[in-house]
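input-v5.txt follows (compact mmCIF, C-alpha atoms):
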```txt
# COMPACT_ATOMS: atom_id res chain seq x y z
CA MET A 1 -6.35 14.64 22.99
CA ASN A 2 -3.76 17.37 23.35
CA GLY A 3 -0.27 17.52 21.91
CA TYR A 4 1.57 18.03 18.66
CA LEU A 5 1.45 16.42 15.27
CA MET A 6 5.10 16.03 14.37
CA HIS A 7 7.09 15.43 11.20
CA LYS A 8 10.54 14.18 12.16
CA ASP A 9 11.50 16.68 14.88
CA ASN A 10 9.38 19.53 13.52
CA ILE A 11 5.95 20.59 14.73
CA VAL A 12 3.35 20.35 11.96
CA ALA A 13 0.29 21.33 14.00
CA ARG A 14 -0.89 21.91 17.54
CA ILE A 15 -3.70 19.59 18.67
CA GLU A 16 -6.02 20.92 21.37
CA ASN A 17 -9.14 19.02 22.39
CA ASP A 18 -8.91 17.02 19.14
CA ILE A 19 -8.82 20.21 17.05
CA VAL A 20 -5.99 20.83 14.54
CA MET A 21 -4.52 24.30 15.05
CA ASP A 22 -1.58 26.38 13.77
CA GLU A 23 -0.83 23.93 10.96
CA ASN A 24 1.88 24.45 8.33
CA ALA A 25 2.66 23.27 4.79
CA MET A 26 3.88 19.85 5.94
CA LEU A 27 0.43 18.89 7.21
CA PRO A 28 -0.86 15.54 5.89
CA LEU A 29 -3.15 16.06 2.90
CA GLN A 30 -6.09 14.42 4.64
CA LEU A 31 -5.96 17.03 7.40
CA PHE A 32 -5.66 19.82 4.83
CA LYS A 33 -9.02 18.60 3.55
CA GLY A 34 -10.53 19.07 6.99
CA ALA A 35 -10.54 15.50 8.30
CA SER A 36 -10.53 15.08 12.06
CA ILE A 37 -7.28 14.23 13.79
CA GLU A 38 -8.97 11.17 15.29
CA GLY A 39 -10.05 9.97 11.85
CA TRP A 40 -6.53 10.42 10.49
CA LEU A 41 -5.01 8.59 13.44
CA THR A 42 -7.39 5.62 13.41
CA GLY A 43 -6.80 5.22 9.68
CA ARG A 44 -3.22 4.31 10.58
CA ALA A 45 -4.14 1.46 12.96
CA ILE A 46 -3.66 -2.22 12.14
CA ASP A 47 -6.85 -3.87 10.85
CA ARG A 48 -8.62 -5.16 13.95
CA HIS A 49 -10.27 -7.93 11.89
CA ARG A 50 -6.97 -9.63 11.17
CA THR A 51 -6.70 -12.67 13.44
CA ASN A 52 -3.04 -12.02 14.13
CA SER A 53 -3.65 -8.38 15.02
CA ARG A 54 -5.74 -9.47 17.98
CA LEU A 55 -3.06 -11.94 18.99
CA LEU A 56 -0.38 -9.26 18.62
CA LYS A 57 -2.23 -6.94 20.99
CA LYS A 58 -2.52 -9.71 23.57
CA VAL A 59 1.20 -10.47 23.38
CA MET A 60 1.96 -6.75 23.74
CA ARG A 61 -0.24 -6.64 26.86
CA MET A 62 -2.65 -4.07 25.46
CA THR A 63 -5.77 -3.72 27.59
CA ASP A 64 -7.34 -0.99 25.43
CA THR A 65 -7.36 -2.44 21.91
CA SER A 66 -9.34 0.33 20.23
CA ASP A 67 -7.91 1.78 17.04
CA ILE A 68 -7.00 5.08 18.67
CA ALA A 69 -5.22 3.39 21.59
CA THR A 70 -3.45 1.04 19.19
CA VAL A 71 -2.08 3.78 17.00
CA LEU A 72 -1.06 5.98 19.92
CA ARG A 73 0.83 3.05 21.45
CA ALA A 74 3.18 3.52 18.46
CA HIS A 75 2.98 7.32 18.69
CA ALA A 76 1.11 7.08 15.35
CA ALA A 77 4.40 6.40 13.56
CA THR A 78 4.55 4.22 10.43
CA VAL A 79 7.31 2.80 8.22
CA THR A 80 6.07 4.72 5.17
CA ASP A 81 6.14 8.33 6.37
CA ASN A 82 7.73 10.61 8.96
CA TYR A 83 4.63 11.71 10.89
CA TRP A 84 3.99 10.95 14.55
CA PHE A 85 2.08 12.24 17.56
CA LYS A 86 3.64 13.75 20.66
CA ALA A 87 1.29 14.13 23.61
CA ASP A 88 1.57 17.02 26.03
CA GLY A 89 4.07 16.21 28.77
CA GLU A 90 6.14 13.78 26.71
CA ASP A 91 9.84 14.63 26.61
CA ILE A 92 10.75 12.65 23.50
CA ALA A 93 12.32 13.22 20.08
CA TYR A 94 11.87 11.50 16.71
CA LYS A 95 14.81 9.17 17.35
CA ASP A 96 13.05 7.89 20.46
CA ILE A 97 9.99 6.62 18.58
CA LEU A 98 11.63 5.36 15.38
CA PHE A 99 11.14 1.65 14.78
CA ASN A 100 14.38 -0.22 15.26
CA ASP A 101 13.50 -3.91 15.55
CA ASP A 102 11.17 -6.51 14.07
CA SER A 103 10.74 -8.69 17.15
CA TYR A 104 6.97 -8.99 16.75
CA ALA A 105 7.05 -9.59 12.98
CA ASP A 106 6.41 -13.33 13.11
CA VAL A 107 3.47 -12.91 15.48
CA ALA A 108 1.86 -10.48 13.03
CA LEU A 109 2.68 -12.65 10.02
CA PHE A 110 2.12 -16.20 11.24
CA GLY A 111 0.59 -16.12 14.72
CA THR A 112 2.10 -19.53 15.48
CA PHE A 113 2.73 -20.96 18.93
CA GLU A 114 6.48 -20.64 18.34
CA SER A 115 6.23 -16.96 17.32
CA VAL A 116 4.08 -16.14 20.33
CA SER A 117 6.39 -18.02 22.70
CA SER A 118 9.37 -16.09 21.37
CA ALA A 119 7.57 -12.75 21.68
CA GLU A 120 6.50 -13.57 25.24
CA LYS A 121 10.13 -13.15 26.32
CA LEU A 122 10.16 -9.50 25.17
CA ASP A 123 9.39 -6.43 27.24
CA PRO A 124 6.36 -4.91 25.45
CA SER A 125 6.80 -1.57 27.22
CA ARG A 126 10.11 -1.11 25.40
CA SER A 127 8.97 -2.30 21.99
CA LYS A 128 9.06 -0.03 18.96
CA SER A 129 7.18 -2.39 16.69
CA PRO A 130 5.87 -1.14 13.32
CA GLU A 131 3.13 -3.78 13.34
CA LEU A 132 0.53 -1.73 15.20
CA THR A 133 0.39 0.69 12.27
CA ASN A 134 0.75 -1.87 9.48
CA ILE A 135 -2.61 -1.54 7.73
CA GLY A 136 -4.34 -3.89 5.28
CA SER A 137 -6.52 -7.00 5.49
CA PHE A 138 -3.92 -9.70 4.70
CA GLU A 139 -1.63 -11.10 7.37
CA LYS A 140 1.66 -9.25 6.93
CA CYS A 141 4.62 -7.77 8.74
CA TRP A 142 7.67 -5.55 8.36
CA LYS A 143 11.15 -7.08 8.65
CA LEU A 144 14.51 -5.35 8.70
CA HIS A 145 17.25 -6.34 6.24
CA ASP A 146 20.52 -4.39 6.25
CA GLY A 147 18.83 -1.27 7.60
CA ARG A 148 15.88 -1.34 5.17
CA TRP A 149 12.32 -2.41 5.88
CA TYR A 150 10.71 -5.13 3.77
CA MET A 151 7.03 -5.98 3.71
CA TYR A 152 6.20 -9.70 4.02
CA LYS A 153 2.66 -10.66 3.03
CA ARG A 154 1.15 -14.13 3.31
CA GLU A 155 -0.56 -15.30 0.12
CA ASN A 156 -1.50 -18.51 -1.64
CA ALA A 157 0.34 -19.57 -4.81
CA ARG A 158 -2.07 -17.87 -7.24
CA GLU A 159 -1.99 -14.63 -5.26
CA GLN A 160 1.79 -14.68 -5.11
CA PHE A 161 2.04 -15.31 -8.84
CA SER A 162 -0.40 -12.50 -9.64
CA GLU A 163 1.49 -10.01 -7.46
CA ILE A 164 4.89 -10.89 -8.94
CA PHE A 165 3.66 -11.16 -12.54
CA ILE A 166 2.03 -7.72 -12.50
CA SER A 167 5.13 -6.19 -10.92
CA ARG A 168 7.32 -7.62 -13.70
CA LEU A 169 4.82 -6.68 -16.40
CA CYS A 170 4.93 -3.07 -15.17
CA GLN A 171 8.73 -3.16 -15.31
CA HIS A 172 8.50 -4.44 -18.91
CA PHE A 173 6.24 -1.50 -19.77
CA GLY A 174 8.60 0.95 -18.04
CA TYR A 175 5.95 1.78 -15.43
CA ALA A 176 6.91 2.37 -11.78
CA ALA A 177 6.02 -0.65 -9.64
CA ALA A 178 6.95 -2.15 -6.30
CA VAL A 179 9.31 -5.11 -6.74
CA TYR A 180 7.92 -8.38 -5.41
CA GLU A 181 9.70 -11.69 -4.90
CA LYS A 182 8.56 -15.04 -3.55
CA HIS A 183 9.68 -16.15 -0.09
CA ASP A 184 8.15 -19.43 1.17
CA ASP A 185 4.40 -18.78 1.40
CA CYS A 186 4.84 -15.00 1.25
CA VAL A 187 5.76 -12.28 -1.15
CA ILE A 188 8.25 -9.66 -0.01
CA THR A 189 8.84 -6.13 -1.24
CA PRO A 190 11.09 -3.29 0.00
CA ASP A 191 9.60 -0.14 1.48
CA PHE A 192 9.12 2.11 -1.57
CA THR A 193 9.60 5.34 0.41
CA GLU A 194 13.34 4.52 0.37
CA ASN A 195 13.87 4.78 4.12
CA LYS A 196 11.49 7.73 4.45
CA LYS A 197 13.03 9.85 1.72
CA TYR A 198 9.37 10.31 0.79
CA ASP A 199 6.14 10.43 2.75
CA PHE A 200 3.46 8.17 1.30
CA GLU A 201 0.02 9.76 1.15
CA PRO A 202 -2.73 7.26 0.26
CA ALA A 203 -5.35 8.52 -2.18
CA VAL A 204 -7.96 8.44 0.58
CA ALA A 205 -6.20 11.58 1.85
CA PHE A 206 -7.40 13.66 -1.10
CA VAL A 207 -10.37 11.79 -2.63
CA GLY A 208 -11.83 10.01 0.37
CA ASP A 209 -13.52 6.73 -0.54
CA ASN A 210 -14.50 7.88 -4.04
CA GLU A 211 -13.05 5.33 -6.48
CA ASP A 212 -14.50 6.90 -9.64
CA TYR A 213 -11.77 7.03 -12.28
CA THR A 214 -12.61 10.50 -13.57
CA PHE A 215 -12.94 11.99 -10.10
CA ASN A 216 -9.52 10.62 -9.10
CA TYR A 217 -7.94 11.66 -12.42
CA GLN A 218 -9.20 15.24 -12.15
CA LYS A 219 -7.91 15.50 -8.58
CA LEU A 220 -4.49 14.22 -9.66
CA LEU A 221 -4.36 16.76 -12.48
CA THR A 222 -4.29 19.47 -9.79
CA PHE A 223 -0.92 18.06 -8.67
CA SER A 224 0.56 17.62 -12.15
CA PRO A 225 -0.25 16.21 -15.62
CA GLU A 226 2.60 13.70 -15.15
CA ILE A 227 1.04 12.31 -11.97
CA ALA A 228 -2.37 12.09 -13.62
CA GLY A 229 -0.74 10.35 -16.60
CA ASP A 230 0.83 7.76 -14.31
CA TYR A 231 -2.62 7.14 -12.81
CA VAL A 232 -3.87 6.35 -16.33
CA LYS A 233 -1.07 3.79 -16.66
CA LEU A 234 -2.07 2.30 -13.30
CA LEU A 235 -5.65 1.91 -14.49
CA PHE A 236 -4.49 0.37 -17.77
CA VAL A 237 -2.59 -2.35 -15.90
CA ASP A 238 -5.55 -2.88 -13.54
CA THR A 239 -7.84 -3.34 -16.54
CA LEU A 240 -5.40 -5.55 -18.42
CA CYS A 241 -4.84 -7.85 -15.43
CA TYR A 242 -8.36 -7.68 -14.02
CA ASN A 243 -7.60 -6.00 -10.71
CA MET A 244 -10.99 -5.41 -9.12
CA ASP A 245 -9.42 -4.32 -5.82
CA ARG A 246 -7.97 -0.90 -6.62
CA HIS A 247 -9.18 1.40 -3.88
CA THR A 248 -8.09 4.65 -2.31
CA ASN A 249 -5.86 3.04 0.31
CA ASN A 250 -3.73 1.02 -2.13
CA TYR A 251 -2.56 3.77 -4.40
CA GLY A 252 -1.36 7.27 -3.63
CA LEU A 253 1.30 9.96 -3.80
CA LEU A 254 4.88 10.41 -2.64
CA ARG A 255 5.80 13.74 -1.05
CA ASP A 256 9.34 15.00 -0.57
CA ALA A 257 10.08 14.45 3.11
CA ASP A 258 12.11 17.66 3.34
CA THR A 259 9.82 20.10 1.52
CA GLY A 260 6.37 18.48 1.52
CA GLU A 261 6.19 18.85 -2.26
CA VAL A 262 4.13 16.21 -4.05
CA VAL A 263 6.73 14.53 -6.27
CA LYS A 264 5.10 11.59 -8.02
CA LEU A 265 2.57 8.79 -7.94
CA ALA A 266 3.60 5.94 -5.67
CA PRO A 267 4.70 2.82 -7.56
CA ASN A 268 2.02 0.29 -8.48
CA PHE A 269 1.55 -2.10 -5.53
CA ASP A 270 -0.95 -4.51 -3.96
CA ASN A 271 -2.08 -6.67 -6.90
CA ASN A 272 -2.72 -9.94 -5.11
CA ILE A 273 -6.47 -9.79 -5.82
CA ALA A 274 -6.05 -9.72 -9.60
CA LEU A 275 -5.27 -11.95 -12.57
CA ILE A 276 -5.62 -15.59 -11.37
CA SER A 277 -5.89 -14.89 -7.64
CA ARG A 278 -9.52 -16.02 -7.51
CA GLY A 279 -9.08 -19.02 -9.78
CA TYR A 280 -9.34 -19.84 -13.48
CA THR A 281 -12.45 -18.96 -15.42
CA CYS A 282 -12.61 -18.19 -19.13
CA THR A 283 -9.81 -16.54 -21.12
CA THR A 284 -12.27 -15.08 -23.64
CA VAL A 285 -13.10 -11.43 -22.97
CA ARG A 286 -16.81 -11.06 -22.30
CA GLU A 287 -18.79 -8.48 -24.25
CA MET A 288 -19.81 -6.72 -21.04
CA ASP A 289 -16.47 -6.83 -19.19
CA ILE A 290 -16.95 -4.23 -16.46
CA LEU A 291 -13.33 -3.13 -16.18
CA ILE A 292 -12.89 -2.72 -19.92
CA THR A 293 -16.17 -0.80 -20.12
CA LEU A 294 -15.10 1.53 -17.28
CA TRP A 295 -11.70 2.02 -18.94
CA GLN A 296 -13.21 2.92 -22.31
CA GLU A 297 -15.71 5.31 -20.73
CA PHE A 298 -12.93 6.94 -18.72
CA ILE A 299 -10.63 7.43 -21.73
CA THR A 300 -13.46 8.84 -23.86
CA GLU A 301 -14.91 11.08 -21.16
CA ASN A 302 -11.55 12.71 -20.43
CA HIS A 303 -10.31 12.86 -24.05
CA ILE A 304 -7.16 10.94 -23.11
CA GLN A 305 -4.86 9.94 -25.95
CA PHE A 306 -3.44 6.70 -24.57
CA LYS A 307 -1.05 4.53 -26.55
CA LYS A 308 -0.82 0.93 -25.43
CA PRO A 309 2.75 -0.17 -24.64
CA PRO A 310 3.98 -3.01 -26.90
CA LEU A 311 3.17 -6.52 -25.67
CA ASP A 312 2.99 -9.88 -27.40
CA ARG A 313 2.34 -13.49 -26.48
CA GLU A 314 6.05 -14.33 -26.33
CA MET A 315 6.80 -11.58 -23.80
CA ILE A 316 3.88 -12.61 -21.59
CA GLN A 317 5.14 -16.19 -21.68
CA GLU A 318 8.66 -15.04 -20.81
CA ILE A 319 7.44 -13.09 -17.79
CA ALA A 320 5.27 -15.98 -16.63
CA ASP A 321 8.11 -18.50 -17.03
CA SER A 322 10.43 -16.28 -14.98
CA ILE A 323 8.27 -16.89 -11.90
CA ASP A 324 8.98 -20.17 -10.11
CA ILE A 325 5.43 -20.85 -8.97
CA ASP A 326 3.34 -23.77 -10.20
CA VAL A 327 0.26 -22.23 -11.83
CA LYS A 328 -1.45 -22.62 -15.23
CA LYS A 329 0.86 -20.34 -17.16
CA ASP A 330 -0.71 -21.11 -20.55
CA TYR A 331 -3.97 -19.81 -19.12
CA VAL A 332 -2.23 -16.62 -17.93
CA VAL A 333 -0.76 -16.02 -21.39
CA ASP A 334 -4.14 -16.47 -23.11
CA PHE A 335 -5.93 -14.38 -20.50
CA VAL A 336 -3.56 -11.40 -20.72
CA ILE A 337 -3.12 -11.35 -24.50
CA ASN A 338 -6.87 -11.54 -25.06
CA ARG A 339 -7.48 -8.62 -22.71
CA TYR A 340 -4.61 -6.68 -24.31
CA ASN A 341 -6.14 -7.16 -27.75
CA ALA A 342 -9.58 -6.16 -26.46
CA LEU A 343 -8.08 -2.96 -25.08
```
What would the structure in this file look like if it were written as structure tokens?
Amino acid sequence: MNGYLMHKDNIVARIENDIVMDENAMLPLQLFKGASIEGWLTGRAIDRHRTNSRLLKKVMRMTDTSDIATVLRAHAATVTDNYWFKADGEDIAYKDILFNDDSYADVALFGTFESVSSAEKLDPSRSKSPELTNIGSFEKCWKLHDGRWYMYKRENAREQFSEIFISRLCQHFGYAAAVYEKHDDCVITPDFTENKKYDFEPAVAFVGDNEDYTFNYQKLLTFSPEIAGDYVKLLFVDTLCYNMDRHTNNYGLLRDADTGEVVKLAPNFDNNIALISRGYTCTTVREMDILITLWQEFITENHIQFKKPPLDREMIQEIADSIDIDVKKDYVVDFVINRYNAL
């Protein structure tokens, strides 16, 4: 693999025989840590285990469906940052590879006969679809609305409620969070990079797969105390709402797209495997609740003075009632207030 890693129309690094050379300050954090260019690229490919991803590749007439071929088909571009790959011999600019339509969105989201039939009329060689680099295990897609990209993610009613409830709870606390709304059997949320004003760097870029709270916290302190403090808030909400699915690909940093400076923690997102998403159990907090235990150990170990934001039963009920989804809202109120009190 030979060419250039680009950021907008600027060269970030020269790639020769898969080796990153002559890099500058705009280099993705994962490559600063010494990751291979192939590893970085394949990490941007659509999850091959998603049923609709395989269908999407068929519709787009892809014969090589490997992760590296998939990501290079889109020049490694994504909706959430400004990086891309330019192979030797290609006479193209950033404007030539920017995504400008959502023609394959319904194939990626639904995979229905109708969506496939519609996509069959397209010329795949001319497509600039963002779906090939839309990562994650749930069926999802990007759609354009008035010049801004919105993520659509298919979820059942409990997953939708959990995602929206946690988003609104964060807003009540004054914590940064992606805004989710219900749309049929999906939730939708706008691209939080604000049309690429920022480059999103997932935490895997600087901590790898290590999910240990203290390890992540100490790494974030090297960026700024404010960013590390926002990570503490993220963990508080995860603990409060029983999010067992926080990993290093669903939280991260936002970098200024002009300077490369790390600006802030990305807003809290991806909470559909939390709260009531896996059903209703018991609202009483168990003595050996793993998330609460990990939270308490983390706070003590790092001597963090954390003050819980105000929350009462009435506010939880108000947030729950604001969501027009038929779930057991009394259960949600009991579940959250009991965990809040335990914390």
Task: Residue with smallest distance to A:Asp88 - pool A:Lys140, A:Arg14, A:Lys121, A:Lys128, counting all atoms listed in the file - done: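 Nearest to A:Asp88: A:Arg14.
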Could you produce a table of the residues of stretch 226-320 of chain A lying within 9 Å of stretch 147-159 of chain A, with the nearest pair of atoms per residue and their separation in Å rounded to one decimal, using only C-alpha atoms, ordered by chain and increasing residue number, as a Markdown table?
```
| residue | atom | partner | partner_atom | distance |
| --- | --- | --- | --- | --- |
| A:Asn271 | CA | A:Glu159 | CA | 8.1 |
| A:Asn272 | CA | A:Glu159 | CA | 4.7 |
| A:Ile273 | CA | A:Glu159 | CA | 6.6 |
| A:Ala274 | CA | A:Glu159 | CA | 7.7 |
| A:Leu275 | CA | A:Glu159 | CA | 8.4 |
| A:Ile276 | CA | A:Arg158 | CA | 5.9 |
| A:Ser277 | CA | A:Glu159 | CA | 4.6 |
| A:Arg278 | CA | A:Arg158 | CA | 7.7 |
| A:Gly279 | CA | A:Arg158 | CA | 7.5 |
```
Task: A:Phe306, A:Phe99, A:Tyr4, A:Tyr242 ranked by distance to A:Ser162, top pick (using all atoms listed in the file) - done: A:Tyr242
Open item on the list: Ranking A:Ile164, A:Val237, A:Leu221, A:Val285 by minimum distance to A:Asp324 and counting all atoms listed in the file, which one comes first?
Closed with: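 Of A:Ile164, A:Val237, A:Leu221, A:Val285, the one nearest A:Asp324 is A:Ile164, counting all atoms listed in the file.
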If you take all atoms listed in the file and a cut-off of 6 Å, which residues of stretch 77-165 of chain A touch stretch 45-53 of chain A, and what are their nearest atom pairs and distances in Å to one decimal, in chain and number order, as a Markdown table?
```
| residue | atom | partner | partner_atom | distance |
| --- | --- | --- | --- | --- |
| A:Ala108 | CA | A:Asn52 | CA | 5.3 |
| A:Gly111 | CA | A:Asn52 | CA | 5.5 |
| A:Leu132 | CA | A:Ile46 | CA | 5.2 |
| A:Thr133 | CA | A:Ala45 | CA | 4.6 |
| A:Asn134 | CA | A:Ile46 | CA | 5.2 |
| A:Ile135 | CA | A:Ile46 | CA | 4.6 |
```
Could you save the residues just selected, with C-alpha atoms, as a compact mmCIF listing (two decimals), keeping the file's coordinate frame?
```txt
# COMPACT_ATOMS: atom_id res chain seq x y z
CA ALA A 108 1.86 -10.48 13.03
CA GLY A 111 0.59 -16.12 14.72
CA LEU A 132 0.53 -1.73 15.20
CA THR A 133 0.39 0.69 12.27
CA ASN A 134 0.75 -1.87 9.48
CA ILE A 135 -2.61 -1.54 7.73
```
Open item on the list: I want to know what sits within 10 Å of A:Ile227, based on all atoms listed in the file, with residues of the same chain fewer than 2 positions away left out; could you give that as an MDAnalysis selection string?
Closed with: chainID A and resid 217 220:225 229:233 253 262:266
- [ ] Quick one: residues within 12 Å of (-13.3, 4.6, -20.2) (file frame), counting only C-alpha atoms, please, as number ranges by chain.
- [x] A: 212-214, 217, 232, 235-236, 239, 289-306, 343
Open item on the list: With distances taken over all atoms listed in the file, which residue among A:Thr78, A:Val20, A:Glu314, A:Cys241 lies nearest A:Lys33?
Closed with: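 Looking only at the distances to A:Lys33, the closest residue turns out to be A:Val20.
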- [ ] Please indicate the distance in Å from atom CA of A:Met1 to atom CA of A:Asn17, rounded to one decimal place.
- [x] 5.2 Å
Task: Distance query A:Asp96 at most 12 Å, all atoms listed in the file, self and fewer than 4 positions along chain excluded, as a PyMOL selection string - done: chain A and resi 8-9+74-75+77+84+86+90-92+100+126-128
Open item on the list: Measuring between all atoms listed in the file, which one of A:Leu144, A:Ile316, A:Ala203, A:Ser103 shows the shortest distance to A:Tyr331?
Closed with: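 Of the candidates, the smallest distance to A:Tyr331 is held by A:Ile316.
Minimum atom-to-atom distance to A:Leu311, evaluated using all atoms listed in the file, belongs to A:Leu169 out of A:Ala178, A:Asn268, A:Leu169, A:Val12.
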Open item on the list: For a cutoff of 9 Å around the file-coordinate point (-2.4, -15.8, -17.1), which residues qualify once you count all atoms listed in the file? I'd like the result as a count of residues only.
Closed with: 21
Need the axis-aligned box for stretch 215-232 of chain A with 3 Å each side, so what are the centre and edges in Å to one decimal, as lines of an AutoDock Vina configuration file?
```
center_x = -5.2
center_y = 12.9
center_z = -12.6
size_x = 21.5
size_y = 19.1
size_z = 14.0
```
Task: A:Asp270 surroundings by all atoms listed in the file, 9 Å radius, close-in-sequence under 5 positions cut, as a list of chain:residue names - done: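 Contacts, in chain order: A:Glu163, A:Ala178, A:Asp245, A:Arg246, A:Asn250, A:Tyr251.
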Task: 9 Å contact set for A:Phe173, all atoms listed in the file, chain neighbours under 5 positions out, as a ChimeraX atom specification - done: /A:168,309-311
